[in-house]
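Report on one structure; see the data block that follows.
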Amino acid sequence: MFQSKLFYKAKKEFPKDEESINAKYLIRAGFIEKLSSGVYEFLPLGFRVLEKITDLVRKEMLSLNAQELLLPALHPKENWLATQRWEKFDALFKLKSRTGSEYALGPTHEEIIFPLVKEMISSYKDLPLALFQIQTKFRDELRAKAGLLRGREFLMKDLYSFHKTNEEVEKFKEKVDRAYLRIFKVLGLKVYKTFASGGTFSKYSTEFQVPTEFGEDEILICSNCKVAWNKEIKSDRICNFCKEILTDHKAIEVGNTFNLGDSFSKSFDLKFKDKDGKEKYVFAGCYGLGISRLMGAIVEVFHDDRGIIWPEKVAPFTFHILILKKKVNLSEVESIVKIIEKLKKDYLLDERNISFGQKLVESDLIGIPYRLVLSERLKNMIEFKERKSEKVKLLKISELFKFLKEKLKIK
RNA sequence: CGGGGGAUAGUGUAAUGGUAACACGCCUGGUUCGGGUCCAGGAGAUUUCGGGUUCGAGUCCCGAUCCCCCGACCA
């Protein structure tokens, strides 16, 4: 990608109407723009980050043998009446068609997927079943805030699993928990598995919380066991496992896993015929992961006063090539591009005719993990620098492939 | 929805009640180049919207809308 053609503009100042770190940095660096409160536009840079997070999450969901599908965002009122959540779910966006039909804009999809699954399963042989989607959700928040951390429209991965017994749900839920932890590990995010109540979903749940300044949940962390409790439900301040004293933190919930039991199956009369010939209710779980919220949380955690510092796997590009030369040597650029393509990585090439200082400043602002600089000062050497470090390394073009391959741990 | 703050050019700001200014960005030409170069010229605004007071309103008054923060609620 040529930076001169990229649909973006870095701003010289932070936006005046945003306070949260994620919104300030993402807007200033040209990843997102605000349309209205809690509703953001994802520009090419921001969209690439969403896509990379999506890829990472999708890979883990497929590894659980979950199948991907896409459900509507426009939900008939009847589905929500069936669970009594038309009235109970406060943040439900409701709308009326010209002919008077009423709809909800989907904030979650139990009301849609349970009737759908009912069409397909009838026997114990059809279970277990796991389905997921990555889709835009809508919640009528009383107050949207903190940029991408609490929007009225946001991107979310939602997974639903269906089982013969409650024990199977619990087992599957643990597998999902581990998949989530693998995702956060790849991102380098410290995420705490947090015990909490279940809200309108179920009696209890597991939340995945990232400690950040702009987080709105309060959690109690056990530094020894690396787990946490939501402050709302924990009456004491002692770890249930090791008796350590817990410490207070503000945190943002990026994911959760719920055991739904058979409650939704009862609402929609979702049953299967078991081996013994008896009809039984299906046990289910649901598992959410906020994709756009995760993007915001990453910026909250990974930034410095010069800009964003993206984790490699979700950066908009892996390499940022800066040409700090008056006369560009095209063959030199081409050979670097070939090396990156050979490594199967993407790059942003800053070939703009602007001052070198501006290129360097904007490069730090955007926060692409690996920077390659071509400069007359370096003669025929290439400068390599990681965004997260101050160290630079000079390399000959002939050494570049091997060096990057080892650096990025590519097999 | 309660409390607080705010809305002026694409962005950030300025303007004792006297007819909108500056910086950045943008366009033209030149110049410079390792941390948002410098010079010259140019374009760009019914000052969020609607009323009112006044000879005269960005400024004062009333109403609305939108945005931010705190709270209540919440992936």
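Following the order of the structure tokens, chains are lettered A, B, ..., residues in each are numbered from 1, and ligands are numbered from 1.
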
Counting only C-alpha atoms (C1' of nucleotides), chain A residues within 9 Å of chain B, as JSON, numbers by chain: {"A": [11, 12, 13, 14, 15, 16, 17, 18, 19, 36, 37, 90, 91, 107, 108, 139, 141, 142, 143, 145, 150, 156, 253, 254, 255, 256, 288, 289, 290, 293, 324, 325, 326, 354, 355, 356, 357, 358, 359, 360, 361, 362, 375, 377]}

Just the selected residues (C-alpha atoms), exported as a PDB file, in the first residue's frame, please.
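Result file follows (selection29.pdb):
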ATOM      1  CA  LYS A  11      -4.170  15.209  12.476  1.00  0.00           C
ATOM      2  CA  LYS A  12      -1.745  17.482  14.199  1.00  0.00           C
ATOM      3  CA  GLU A  13      -3.875  17.717  17.319  1.00  0.00           C
ATOM      4  CA  PHE A  14      -6.023  15.401  19.322  1.00  0.00           C
ATOM      5  CA  PRO A  15      -9.760  15.844  18.746  1.00  0.00           C
ATOM      6  CA  LYS A  16     -11.216  18.267  21.275  1.00  0.00           C
ATOM      7  CA  ASP A  17     -14.367  16.255  21.893  1.00  0.00           C
ATOM      8  CA  GLU A  18     -12.764  13.011  23.017  1.00  0.00           C
ATOM      9  CA  GLU A  19     -11.254  12.279  26.369  1.00  0.00           C
ATOM     10  CA  SER A  36     -22.267  10.456  16.435  1.00  0.00           C
ATOM     11  CA  SER A  37     -21.967   9.557  20.075  1.00  0.00           C
ATOM     12  CA  ASP A  90     -33.158  -2.055  28.604  1.00  0.00           C
ATOM     13  CA  ALA A  91     -30.669  -1.349  25.879  1.00  0.00           C
ATOM     14  CA  PRO A 107     -27.854  -6.554  20.644  1.00  0.00           C
ATOM     15  CA  THR A 108     -27.221 -10.330  20.906  1.00  0.00           C
ATOM     16  CA  ARG A 139     -27.327  -1.382  22.029  1.00  0.00           C
ATOM     17  CA  GLU A 141     -26.842   2.792  25.715  1.00  0.00           C
ATOM     18  CA  LEU A 142     -28.035   5.513  28.057  1.00  0.00           C
ATOM     19  CA  ARG A 143     -24.624   6.994  27.678  1.00  0.00           C
ATOM     20  CA  LYS A 145     -18.564   6.656  26.235  1.00  0.00           C
ATOM     21  CA  ARG A 150     -18.827   1.546  24.883  1.00  0.00           C
ATOM     22  CA  MET A 156     -18.817  -8.516  18.114  1.00  0.00           C
ATOM     23  CA  GLU A 253     -14.704  -6.388  29.745  1.00  0.00           C
ATOM     24  CA  VAL A 254     -13.596  -7.597  26.325  1.00  0.00           C
ATOM     25  CA  GLY A 255     -15.271 -10.979  26.401  1.00  0.00           C
ATOM     26  CA  ASN A 256     -17.484 -13.305  28.350  1.00  0.00           C
ATOM     27  CA  GLY A 288     -19.164 -13.076  23.306  1.00  0.00           C
ATOM     28  CA  LEU A 289     -16.045 -11.242  22.310  1.00  0.00           C
ATOM     29  CA  GLY A 290     -16.110  -7.532  21.528  1.00  0.00           C
ATOM     30  CA  ARG A 293     -13.978  -2.969  21.926  1.00  0.00           C
ATOM     31  CA  LEU A 324      13.925   9.447   3.622  1.00  0.00           C
ATOM     32  CA  LYS A 325      15.666  10.202   0.365  1.00  0.00           C
ATOM     33  CA  LYS A 326      15.502  12.930  -2.190  1.00  0.00           C
ATOM     34  CA  ILE A 354       6.856  15.620   2.446  1.00  0.00           C
ATOM     35  CA  SER A 355       9.462  16.429   5.055  1.00  0.00           C
ATOM     36  CA  PHE A 356      11.286  13.534   6.638  1.00  0.00           C
ATOM     37  CA  GLY A 357      10.357  14.727  10.099  1.00  0.00           C
ATOM     38  CA  GLN A 358       6.682  14.459   9.320  1.00  0.00           C
ATOM     39  CA  LYS A 359       7.100  10.916   8.015  1.00  0.00           C
ATOM     40  CA  LEU A 360       8.830   9.871  11.221  1.00  0.00           C
ATOM     41  CA  VAL A 361       6.260  11.533  13.455  1.00  0.00           C
ATOM     42  CA  GLU A 362       3.321  10.022  11.594  1.00  0.00           C
ATOM     43  CA  SER A 375      18.050   7.106   3.817  1.00  0.00           C
ATOM     44  CA  ARG A 377      22.650   8.971   5.480  1.00  0.00           C
TER      45      ARG A 377
END

Contacts of Gly147 (chain A) within 9 Å, only C-alpha atoms (C1' of nucleotides), excl. fewer than 3 positions in-chain, as a list in words: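 Using only C-alpha atoms (C1' of nucleotides), the neighbours found are Glu18, Glu19, Ser20, Ile21, Asn22, Ala23, Lys24, Lys34, Ser37, Gly38, Val39, Tyr40, Ala144, Arg150, Gly151, Arg293 and Gly296 of chain A.
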
Nearest candidate to Lys157 (chain A) (options A:Arg58, A:Lys193, A:Arg182, A:Lys171; using only C-alpha atoms):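 Closest to Lys157 (chain A) of all the choices is A:Arg58.
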
DSSP-assigned strand (DSSP E or B) members of region 5-121 of chain A, reported as JSON, numbers by chain: {"A": [32, 33, 34, 35, 36, 39, 40, 41, 42, 67, 68, 74, 75, 76, 93, 94, 95, 96, 102, 103, 104, 105]}

Go ahead and dump the residues you just picked, C-alpha atoms, as a PDB file, in the first residue's frame.
ATOM      1  CA  ILE A  32     -11.558   6.046  12.863  1.00  0.00           C
ATOM      2  CA  GLU A  33     -13.892   9.047  12.762  1.00  0.00           C
ATOM      3  CA  LYS A  34     -16.898   9.716  14.921  1.00  0.00           C
ATOM      4  CA  LEU A  35     -20.298   9.878  13.249  1.00  0.00           C
ATOM      5  CA  SER A  36     -22.267  10.456  16.435  1.00  0.00           C
ATOM      6  CA  VAL A  39     -20.997   5.418  16.557  1.00  0.00           C
ATOM      7  CA  TYR A  40     -17.691   5.364  14.732  1.00  0.00           C
ATOM      8  CA  GLU A  41     -16.564   5.029  11.131  1.00  0.00           C
ATOM      9  CA  PHE A  42     -13.690   2.660  10.495  1.00  0.00           C
ATOM     10  CA  GLN A  67     -19.210 -23.201  12.219  1.00  0.00           C
ATOM     11  CA  GLU A  68     -19.497 -19.631  11.030  1.00  0.00           C
ATOM     12  CA  LEU A  74     -33.137  -6.803  12.158  1.00  0.00           C
ATOM     13  CA  HIS A  75     -35.172  -8.953  14.533  1.00  0.00           C
ATOM     14  CA  PRO A  76     -38.965  -9.409  14.615  1.00  0.00           C
ATOM     15  CA  PHE A  93     -33.153  -0.586  20.081  1.00  0.00           C
ATOM     16  CA  LYS A  94     -36.748  -0.827  18.913  1.00  0.00           C
ATOM     17  CA  LEU A  95     -38.198   0.368  15.648  1.00  0.00           C
ATOM     18  CA  LYS A  96     -41.405   0.253  13.680  1.00  0.00           C
ATOM     19  CA  GLU A 102     -42.102  -3.853  15.154  1.00  0.00           C
ATOM     20  CA  TYR A 103     -38.473  -4.863  15.203  1.00  0.00           C
ATOM     21  CA  ALA A 104     -35.404  -4.840  17.395  1.00  0.00           C
ATOM     22  CA  LEU A 105     -31.882  -4.179  16.220  1.00  0.00           C
TER      23      LEU A 105
END

Residue neighbourhood Arg306 (chain A), 10 Å, only C-alpha atoms (C1' of nucleotides), exclusion window fewer than 5 positions, as a count of residues only: 8

Selected residue, from B:G42, B:G10, B:G50, B:G17, that lies nearest to G63 (chain B) when counting only C-alpha atoms (C1' of nucleotides): B:G50

Shell of 12 Å around A21 (chain B), only C-alpha atoms (C1' of nucleotides), local chain residues under 4 positions omitted, as a PyMOL selection string: chain B and resi 8-9+13-15+45

Who sits within 12 Å of region 220-236 of chain A, only C-alpha atoms (C1' of nucleotides), same chain under 5 positions skipped, as a ChimeraX atom specification: /A:181,190-199,203-211,241-253

Got time to write the residues from that selection, C-alpha atoms, as a compact mmCIF listing (two decimals), in the first residue's frame?
# COMPACT_ATOMS: atom_id res chain seq x y z
CA LEU A 181 -6.85 -16.76 26.65
CA LYS A 190 -3.01 -9.03 30.21
CA VAL A 191 -6.56 -10.24 30.48
CA TYR A 192 -8.01 -11.58 33.71
CA LYS A 193 -10.48 -14.40 33.79
CA THR A 194 -13.08 -12.90 36.10
CA PHE A 195 -15.93 -14.52 37.97
CA ALA A 196 -19.17 -12.57 37.76
CA SER A 197 -22.95 -12.73 37.78
CA GLY A 198 -24.77 -13.25 34.52
CA GLY A 199 -27.02 -10.21 34.04
CA LYS A 203 -27.02 -16.74 36.85
CA TYR A 204 -23.28 -16.54 36.59
CA SER A 205 -20.67 -15.95 33.92
CA THR A 206 -17.01 -15.65 33.24
CA GLU A 207 -15.79 -12.28 32.10
CA PHE A 208 -12.48 -11.46 30.48
CA GLN A 209 -11.27 -8.17 31.85
CA VAL A 210 -8.42 -5.90 30.74
CA PRO A 211 -7.26 -3.52 33.47
CA PHE A 241 -8.17 -20.37 45.75
CA CYS A 242 -5.09 -19.21 47.66
CA LYS A 243 -6.50 -16.82 50.31
CA GLU A 244 -4.34 -13.96 49.04
CA ILE A 245 -5.70 -10.42 49.58
CA LEU A 246 -7.25 -9.08 46.37
CA THR A 247 -6.42 -5.70 44.84
CA ASP A 248 -8.81 -3.20 43.21
CA HIS A 249 -8.57 -2.36 39.51
CA LYS A 250 -10.63 -0.61 36.90
CA ALA A 251 -11.09 -2.84 33.90
CA ILE A 252 -12.84 -3.21 30.58
CA GLU A 253 -14.70 -6.39 29.75

Between CA of Lys327 (chain A) and CA of Asn353 (chain A) - distance in Å to one decimal: 10.6 Å

From A:Glu213, A:Glu119, A:Glu78, A:Glu386, residue lying nearest Leu270 (chain A) [only C-alpha atoms]: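 Distance minimum relative to Leu270 (chain A) lands on A:Glu119.
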
12 Å contact set for Pro128 (chain A), only C-alpha atoms (C1' of nucleotides), chain neighbours under 2 positions out, as a PyMOL selection string: chain A and resi 64-67+117+121-126+130-131+160-169+171-172+272+282-285

G56 (chain B) environment, 9 Å, only C-alpha atoms (C1' of nucleotides), sequence neighbours closer than 2 positions dropped, as a ChimeraX atom specification: /B:17-19,54

Mind dumping the selected residues with C-alpha atoms (C1' of nucleotides) as a PDB file, in the first residue's frame?
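The result, written out as again.pdb:
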ATOM      1  C1'   G B  17     -21.826  44.541  22.046  1.00  0.00           C
ATOM      2  C1'   G B  18     -19.094  47.686  16.523  1.00  0.00           C
ATOM      3  C1'   U B  19     -19.523  43.780  11.328  1.00  0.00           C
ATOM      4  C1'   U B  54     -30.337  46.379  20.436  1.00  0.00           C
TER       5        U B  54
END

Alpha helix (DSSP H) call set, DSSP backbone run, region 130-183 of chain A, as a ChimeraX atom specification: /A:166-183

Separation of CA of Ser265 (chain A) from CA of Glu170 (chain A), in Å and rounded to one decimal: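 CA of Glu170 (chain A) lies 16.5 Å from CA of Ser265 (chain A).
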
Separation of C1' of G4 (chain B) from C1' of U53 (chain B), in Å and rounded to one decimal: 28.5 Å

From B:G71, B:G58, B:G5, B:C26, residue lying nearest A43 (chain B) [only C-alpha atoms (C1' of nucleotides)]: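 Selected residue with least distance to A43 (chain B): B:C26.
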